[in-house]
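*Asks:* So I've got this file, start-v5.txt, and it contains compact mmCIF, C-alpha atoms:
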# COMPACT_ATOMS: atom_id res chain seq x y z
CA MET A 822 -2.26 17.52 81.50
CA PHE A 823 -2.98 21.16 80.66
CA LEU A 824 -6.76 21.34 81.13
CA GLY A 825 -6.71 21.92 84.87
CA TYR A 826 -3.91 24.46 84.55
CA ILE A 827 -5.82 26.41 81.90
CA ALA A 828 -9.00 26.35 83.97
CA ARG A 829 -7.11 27.91 86.86
CA ARG A 830 -5.40 30.52 84.67
CA ASP A 831 -8.64 31.46 82.91
CA PRO A 832 -11.21 31.90 85.69
CA ASP A 833 -13.32 34.35 83.66
CA ASP A 834 -13.47 32.22 80.49
CA THR A 835 -11.81 34.88 78.37
CA SER A 836 -9.18 32.69 76.67
CA LEU A 837 -11.68 31.13 74.19
CA CYS A 838 -10.18 27.72 74.93
CA ALA A 839 -12.78 25.07 75.79
CA LYS A 840 -12.74 24.89 79.57
CA MET A 841 -12.80 21.77 81.71
CA ARG A 842 -15.73 22.13 84.11
CA ASP A 843 -15.29 18.92 86.09
CA ALA A 844 -13.40 15.63 86.10
CA PHE A 845 -14.33 12.37 87.81
CA LEU A 846 -13.94 8.59 87.71
CA TRP A 847 -16.92 6.50 86.61
CA HIS A 848 -16.60 2.72 86.66
CA GLY A 849 -12.87 2.98 86.07
CA HIS A 850 -13.17 5.57 83.30
CA TYR A 851 -11.77 9.07 83.67
CA CYS A 852 -14.47 11.53 82.58
CA ILE A 853 -14.12 15.23 81.79
CA THR A 854 -17.02 17.63 81.32
CA PHE A 855 -17.08 20.69 79.08
CA ASP A 856 -19.71 23.15 77.98
CA ILE A 857 -22.00 21.95 75.21
CA LEU A 858 -20.74 23.47 71.97
CA GLY A 859 -21.75 23.36 68.32
CA SER A 860 -20.26 21.84 65.19
CA ASP A 861 -16.58 21.97 64.36
CA VAL A 862 -15.64 24.32 61.54
CA TYR A 863 -14.46 21.54 59.21
CA HIS A 864 -17.77 19.69 59.49
CA PHE A 865 -19.67 22.91 58.80
CA LEU A 866 -17.58 23.47 55.66
CA GLU A 867 -18.08 19.86 54.60
CA LEU A 868 -21.87 20.09 54.90
CA ASN A 869 -21.70 23.24 52.76
CA GLU A 870 -19.71 21.43 50.04
CA PHE A 871 -16.75 23.58 51.11
CA VAL A 872 -18.27 26.90 50.16
CA PRO A 873 -15.99 29.33 52.06
CA PHE A 874 -17.04 31.73 54.77
CA PRO A 875 -17.68 35.43 54.01
CA MET A 876 -14.78 37.76 54.76
CA ASP A 877 -16.34 39.32 57.86
CA GLN A 878 -16.81 35.84 59.34
CA VAL A 879 -13.25 34.83 58.41
CA ARG A 880 -11.99 37.97 60.14
CA HIS A 881 -13.89 37.28 63.37
CA MET A 882 -12.93 33.59 63.54
CA ALA A 883 -9.28 34.35 62.72
CA TYR A 884 -9.12 37.01 65.43
CA GLN A 885 -10.55 34.67 68.05
CA LEU A 886 -8.22 31.84 67.02
CA CYS A 887 -5.18 34.11 67.30
CA HIS A 888 -6.43 35.27 70.70
CA ALA A 889 -6.92 31.72 72.03
CA VAL A 890 -3.57 30.40 70.84
CA ASN A 891 -1.79 33.56 72.01
CA PHE A 892 -3.20 32.82 75.47
CA LEU A 893 -1.71 29.31 75.31
CA HIS A 894 1.66 30.67 74.21
CA GLN A 895 1.64 33.10 77.13
CA GLN A 896 1.22 30.08 79.42
CA GLY A 897 4.18 28.27 77.81
CA ILE A 898 1.92 25.84 75.94
CA ILE A 899 2.19 24.92 72.25
CA HIS A 900 -1.05 23.45 70.88
CA THR A 901 0.67 21.51 68.01
CA ASP A 902 -2.61 20.23 66.51
CA LEU A 903 -4.40 23.27 65.14
CA LYS A 904 -6.86 22.46 62.35
CA THR A 905 -10.44 23.30 61.47
CA ASP A 906 -11.60 20.08 63.18
CA ASN A 907 -10.40 21.52 66.51
CA ILE A 908 -12.28 24.80 66.25
CA LEU A 909 -15.89 24.60 67.42
CA PHE A 910 -18.69 27.11 67.04
CA VAL A 911 -20.28 28.03 70.35
CA ASP A 912 -23.59 27.75 68.51
CA SER A 913 -23.65 26.34 64.99
CA SER A 914 -27.28 27.17 64.25
CA TYR A 915 -27.68 28.56 60.77
CA THR A 916 -29.94 30.03 58.14
CA LYS A 917 -29.99 28.87 54.54
CA GLU A 918 -29.20 31.06 51.57
CA TYR A 919 -29.25 30.18 47.87
CA HIS A 920 -25.79 29.93 46.28
CA PRO A 921 -26.06 30.65 42.52
CA GLU A 922 -22.76 29.00 41.55
CA LYS A 923 -23.46 25.82 43.49
CA LYS A 924 -27.16 26.02 42.55
CA MET A 925 -28.10 24.94 46.04
CA ASN A 926 -28.99 26.32 49.43
CA ILE A 927 -26.00 26.70 51.72
CA ARG A 928 -25.80 27.16 55.45
CA SER A 929 -24.83 30.54 56.85
CA VAL A 930 -23.83 30.26 60.50
CA ASN A 931 -25.71 32.73 62.69
CA ARG A 932 -22.86 33.31 65.17
CA THR A 933 -19.13 33.06 64.54
CA ASP A 934 -18.13 32.81 68.21
CA ILE A 935 -15.67 29.90 68.51
CA ARG A 936 -13.83 27.82 71.08
CA LEU A 937 -10.49 26.04 70.63
CA ILE A 938 -10.45 22.40 71.68
CA ASP A 939 -8.22 19.31 71.96
CA LEU A 940 -5.06 19.86 73.96
CA GLY A 941 -4.30 16.14 73.88
CA CYS A 942 -1.17 16.73 71.79
CA ALA A 943 -0.12 20.01 73.41
CA GLU A 944 3.50 20.42 74.47
CA ASP A 945 5.21 22.33 77.24
CA ASP A 946 7.66 24.64 75.52
CA GLU A 947 10.44 23.59 77.90
CA LEU A 948 10.13 19.81 77.41
CA PRO A 949 11.85 17.57 74.82
CA GLN A 950 10.10 17.65 71.46
CA SER A 951 8.55 15.09 69.15
CA TYR A 952 8.42 15.37 65.37
CA THR A 953 5.12 13.51 65.10
CA ILE A 954 3.06 16.63 65.69
CA SER A 955 0.38 18.42 63.67
CA ASN A 956 -1.91 17.07 61.02
CA ARG A 957 0.13 16.75 57.81
CA CYS A 958 -1.70 19.55 55.96
CA TYR A 959 -1.02 22.05 58.77
CA ARG A 960 2.54 20.96 59.63
CA ALA A 961 5.26 23.63 59.69
CA PRO A 962 8.41 23.18 57.58
CA GLU A 963 10.73 23.05 60.59
CA VAL A 964 8.82 19.96 61.80
CA VAL A 965 8.96 18.34 58.36
CA LEU A 966 12.71 19.01 58.25
CA LYS A 967 13.12 17.75 61.85
CA ASN A 968 14.66 21.02 63.01
CA ASN A 969 14.09 22.63 66.39
CA TRP A 970 10.58 23.98 66.73
CA SER A 971 8.55 26.03 69.17
CA HIS A 972 5.53 28.37 69.26
CA PRO A 973 5.83 29.38 65.57
CA VAL A 974 4.54 25.94 64.51
CA ASP A 975 1.11 27.05 65.72
CA VAL A 976 1.37 30.29 63.76
CA TRP A 977 2.07 28.35 60.57
CA SER A 978 -0.98 26.17 61.19
CA ILE A 979 -3.17 29.24 61.64
CA GLY A 980 -1.90 30.60 58.32
CA CYS A 981 -3.10 27.37 56.69
CA ILE A 982 -6.45 27.65 58.47
CA LEU A 983 -7.01 31.23 57.25
CA TYR A 984 -6.59 30.04 53.66
CA GLU A 985 -9.05 27.22 54.28
CA LEU A 986 -11.66 29.51 55.83
CA HIS A 987 -11.39 31.94 52.92
CA THR A 988 -11.29 29.45 50.03
CA GLY A 989 -12.83 26.25 51.42
CA ASN A 990 -9.70 24.38 50.26
CA LEU A 991 -6.65 22.97 52.00
CA LEU A 992 -3.52 25.00 51.28
CA PHE A 993 -1.10 22.04 51.45
CA ASN A 994 -3.13 19.03 50.37
CA THR A 995 -0.65 16.17 50.41
CA ASP A 996 -0.23 12.62 51.63
CA ASP A 997 2.29 11.49 54.22
CA ASP A 998 5.38 12.31 52.15
CA ASP A 999 7.86 14.85 53.50
CA LEU A 1000 9.62 15.53 50.20
CA GLU A 1001 6.37 16.10 48.31
CA HIS A 1002 5.11 18.32 51.13
CA LEU A 1003 8.22 20.50 50.88
CA ALA A 1004 7.88 20.62 47.09
CA ILE A 1005 4.28 21.84 47.38
CA MET A 1006 5.42 24.51 49.84
CA GLU A 1007 7.91 25.74 47.25
CA ARG A 1008 5.29 25.81 44.52
CA ILE A 1009 3.02 27.94 46.70
CA LEU A 1010 5.47 30.08 48.71
CA GLY A 1011 8.70 30.10 46.69
CA GLU A 1012 12.11 28.51 47.23
CA PHE A 1013 13.42 27.65 50.65
CA PRO A 1014 16.25 29.77 52.09
CA VAL A 1015 18.36 26.66 52.75
CA ALA A 1016 21.53 26.98 54.83
CA GLY A 1017 23.89 24.03 55.18
CA GLU A 1018 23.56 20.45 53.97
CA HIS A 1019 20.28 18.54 54.16
CA LYS A 1020 19.25 15.27 52.50
CA TYR A 1021 16.30 16.97 50.80
CA PHE A 1022 18.44 19.87 49.54
CA PRO A 1023 21.56 18.56 47.78
CA ASN A 1024 23.51 21.49 46.35
CA GLY A 1025 21.11 23.87 48.06
CA LYS A 1026 18.07 22.93 45.91
CA LEU A 1027 15.09 20.78 46.78
CA ASN A 1028 15.57 17.35 45.23
CA PHE A 1029 12.10 16.93 43.73
CA ASP A 1030 11.26 16.44 40.05
CA TRP A 1031 7.86 17.83 39.06
CA THR A 1032 8.29 16.51 35.50
CA GLN A 1033 7.46 13.09 36.91
CA ARG A 1034 4.09 14.47 38.05
CA PRO A 1035 2.92 16.67 35.15
CA LEU A 1036 -0.73 16.65 36.19
CA GLU A 1037 -0.14 17.45 39.84
CA VAL A 1038 2.11 20.43 39.15
CA HIS A 1039 -0.91 22.46 38.00
CA CYS A 1040 -2.77 21.78 41.26
CA HIS A 1041 -0.41 23.92 43.33
CA GLN A 1042 -0.21 27.58 42.38
CA PRO A 1043 1.54 30.52 44.11
CA LEU A 1044 -0.41 31.82 47.09
CA ARG A 1045 -1.47 35.12 45.55
CA THR A 1046 -2.62 33.57 42.26
CA SER A 1047 -4.36 30.57 43.83
CA ILE A 1048 -6.98 32.86 45.34
CA LYS A 1049 -9.16 33.76 42.39
CA SER A 1050 -11.83 35.80 44.13
CA GLU A 1051 -11.38 39.36 45.30
CA ILE A 1052 -9.57 39.39 48.61
CA ASP A 1053 -8.56 41.88 51.22
CA ASP A 1054 -4.82 42.50 50.61
CA ASP A 1055 -4.35 42.60 54.39
CA LEU A 1056 -5.48 38.95 54.65
CA ILE A 1057 -2.88 37.91 52.07
CA ASP A 1058 -0.24 39.90 53.94
CA LEU A 1059 -1.16 38.27 57.26
CA MET A 1060 -1.05 34.78 55.72
CA GLU A 1061 2.34 35.47 54.16
CA LYS A 1062 3.71 36.63 57.51
CA MET A 1063 2.34 33.51 59.21
CA LEU A 1064 3.77 31.26 56.48
CA ALA A 1065 7.33 32.57 56.58
CA TYR A 1066 9.69 29.60 56.20
CA GLU A 1067 12.04 30.72 58.97
CA PRO A 1068 10.34 30.49 62.38
CA ALA A 1069 12.23 33.52 63.71
CA LYS A 1070 10.78 35.64 60.89
CA ARG A 1071 7.21 34.40 61.37
CA ILE A 1072 4.80 36.89 62.92
CA THR A 1073 3.92 36.24 66.57
CA LEU A 1074 0.29 35.97 67.55
CA LYS A 1075 0.57 39.03 69.77
CA GLU A 1076 1.70 40.94 66.67
CA ALA A 1077 -0.96 39.27 64.53
CA LEU A 1078 -3.73 40.55 66.77
CA THR A 1079 -2.75 44.13 65.87
CA HIS A 1080 -2.35 43.41 62.14
CA PRO A 1081 -4.30 45.74 59.79
CA PHE A 1082 -6.48 42.80 58.71
CA PHE A 1083 -8.29 43.15 62.01
CA ASP A 1084 -8.77 46.92 61.78
CA LYS A 1085 -12.23 46.36 60.27
CA LEU A 1086 -13.30 44.16 63.18
CA PRO A 1087 -16.27 45.75 64.99
CA ALA A 1088 -15.60 46.99 68.51
CA SER A 1089 -18.17 44.51 69.81
CA GLN A 1090 -16.00 41.62 68.61
CA ARG A 1091 -12.70 42.84 70.06
CA LEU A 1092 -11.08 41.16 73.05
CA THR A 1093 -8.56 42.19 75.68
CA VAL A 1094 -5.16 40.88 74.61
Step by step, read the file and then write its structure as structure tokens.
*Replies:*
Amino acid sequence: MFLGYIARRDPDDTSLCAKMRDAFLWHGHYCITFDILGSDVYHFLELNEFVPFPMDQVRHMAYQLCHAVNFLHQQGIIHTDLKTDNILFVDSSYTKEYHPEKKMNIRSVNRTDIRLIDLGCAEDDELPQSYTISNRCYRAPEVVLKNNWSHPVDVWSIGCILYELHTGNLLFNTDDDDLEHLAIMERILGEFPVAGEHKYFPNGKLNFDWTQRPLEVHCHQPLRTSIKSEIDDDLIDLMEKMLAYEPAKRITLKEALTHPFFDKLPASQRLTV
């Protein structure tokens, strides 16, 4: 639905969204052609046994992702399915380096240029909304709670992706259980600012008993303490702004692109916003 529109609105290929080059029917099948790209980011992490990317690579990929999704938002499009599987390297060729902790050679990608793919679940921001959007681990709280949602759902997903790029781990690793998902959010980000009655929040508190899951409670630590390695404070600040519970208080991607985290980005990697 959106591929042809994006191709027309991005004639110079500056959006960093994978661009439809042609479309045709072949023996009753509708075919679409794109540029040949490299591995998706998740698969690259998986092959590396989830050793995270270096900070300079996280910074470049995060900047490009914010740029691509900001372009979609400017066109009135909400991606709704942002995850590391849907971010592809332009070229995923790599060199190998020895990792002393893993005691193995790991892949170091040579180029961190990326393209955003898969608009199959994208939504027009003026059309009626579904609540079956986003992969569970990247799903914003307003979707879980079945409240009204819009562009900020993508911002939340990017916050989750930044954590994954930096640590190699999922931030909200949970099965298909809304109540548990909300409980993990509280463990990591603090209590919800609940207003009004909701079935999950009787008396204004989340109705979830961690004493019934004594082993799992230790798996989910507050955001700042769950990152054990040294980290740029600006990255933590950007993630916290992207993971604000209230959509209206969440940073926009236009604002994110000027966040101090990106001040260290080389001029050669900067894009026109």
*Asks:* Would you please work out which residue, of A:Val964, A:Leu937, A:Leu1003, A:Ile908, is nearest to His864 (chain A) when using all atoms listed in the file?
*Replies:* A:Ile908
*Asks:* With distances taken over all atoms listed in the file, which of A:Asp945, A:Leu986, A:Ala1069, A:Leu992 is nearest to Gln895 (chain A)?
*Replies:*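 Closest residue, counting all atoms listed in the file: A:Asp945.
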*Asks:* In Å, with one decimal, what is the gap from CA of Leu1064 (chain A) to CA of Ala961 (chain A)?
*Replies:*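 So the answer is 8.4 Å.
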*Asks:* Rounded to one decimal, what separation in Å do you get between CA of Cys981 (chain A) and CA of Leu868 (chain A)?
*Replies:*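 Distance between the two atoms: 20.2 Å.
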*Asks:* Enter the distance from CA of Leu948 (chain A) to CA of Pro1068 (chain A), in Å, rounded to one decimal.
*Replies:*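 Separating CA of Leu948 (chain A) from CA of Pro1068 (chain A) is a distance of 18.4 Å.
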*Asks:* Can you sort out the box for region 1040-1056 of chain A, edges along x, y and z, all listed atoms in, 6 Å on every side, with centre and edge lengths in Å to one decimal, as JSON?
*Replies:*
{"center_x": -5.1, "center_y": 32.2, "center_z": 48.0, "size_x": 25.4, "size_y": 32.8, "size_z": 25.4}
*Asks:* Please provide the set of residues having any atom within 7 Å of Ile853 (chain A), restricted to all atoms listed in the file, with same-chain residues fewer than 6 positions apart removed, written as a PyMOL selection string.
*Replies:* chain A and resi 841+843-845
*Asks:* A:Glu944, A:Asp975, A:Asp1030, A:Asp1053: which is nearest Leu1000 (chain A), counting all atoms listed in the file?
*Replies:* A:Asp1030
*Asks:* From the set A:Ile1057, A:Ile938, A:Cys1040, A:Leu1010, which residue has the shortest atom-to-atom contact distance to Thr901 (chain A), counting only C-alpha atoms?
*Replies:*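 Result for the nearest residue to Thr901 (chain A): A:Ile938.
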*Asks:* Looking at A:Ser978, A:Ser913, A:Thr988, A:Gln1042, which one is nearest to Ile1005 (chain A), with distances taken over all atoms listed in the file?
*Replies:*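 Nearest candidate to Ile1005 (chain A) out of A:Ser978, A:Ser913, A:Thr988, A:Gln1042: A:Gln1042.
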*Asks:* Select all residues near (-1.2, 27.6, 48.2) (cut-off 7 Å, inclusive, file coordinates), counting only C-alpha atoms, and output them as a PyMOL selection string.
*Replies:* chain A and resi 992-993+1009+1041-1044+1047
*Asks:* Residues as selected, C-alpha atoms, written as a tab-separated table (two decimals), keeping the file's coordinate frame, can you do that?
*Replies:*
chain	number	residue	atom	x	y	z
A	992	LEU	CA	-3.52	25.00	51.28
A	993	PHE	CA	-1.10	22.04	51.45
A	1009	ILE	CA	3.02	27.94	46.70
A	1041	HIS	CA	-0.41	23.92	43.33
A	1042	GLN	CA	-0.21	27.58	42.38
A	1043	PRO	CA	1.54	30.52	44.11
A	1044	LEU	CA	-0.41	31.82	47.09
A	1047	SER	CA	-4.36	30.57	43.83
*Asks:* Neighbours of Tyr1066 (chain A) within 9 Å (all atoms listed in the file; same-chain residues fewer than 5 positions away dropped), as a ChimeraX atom specification?
*Replies:* /A:961-963,977,1010,1013-1014,1071
*Asks:* Is there a way to get, as a PyMOL selection string, all residues within 7 Å of the point (-10.2, 20.4, 81.1) in file coordinates, counting all atoms listed in the file?
*Replies:* chain A and resi 824-825+828+840-842+853
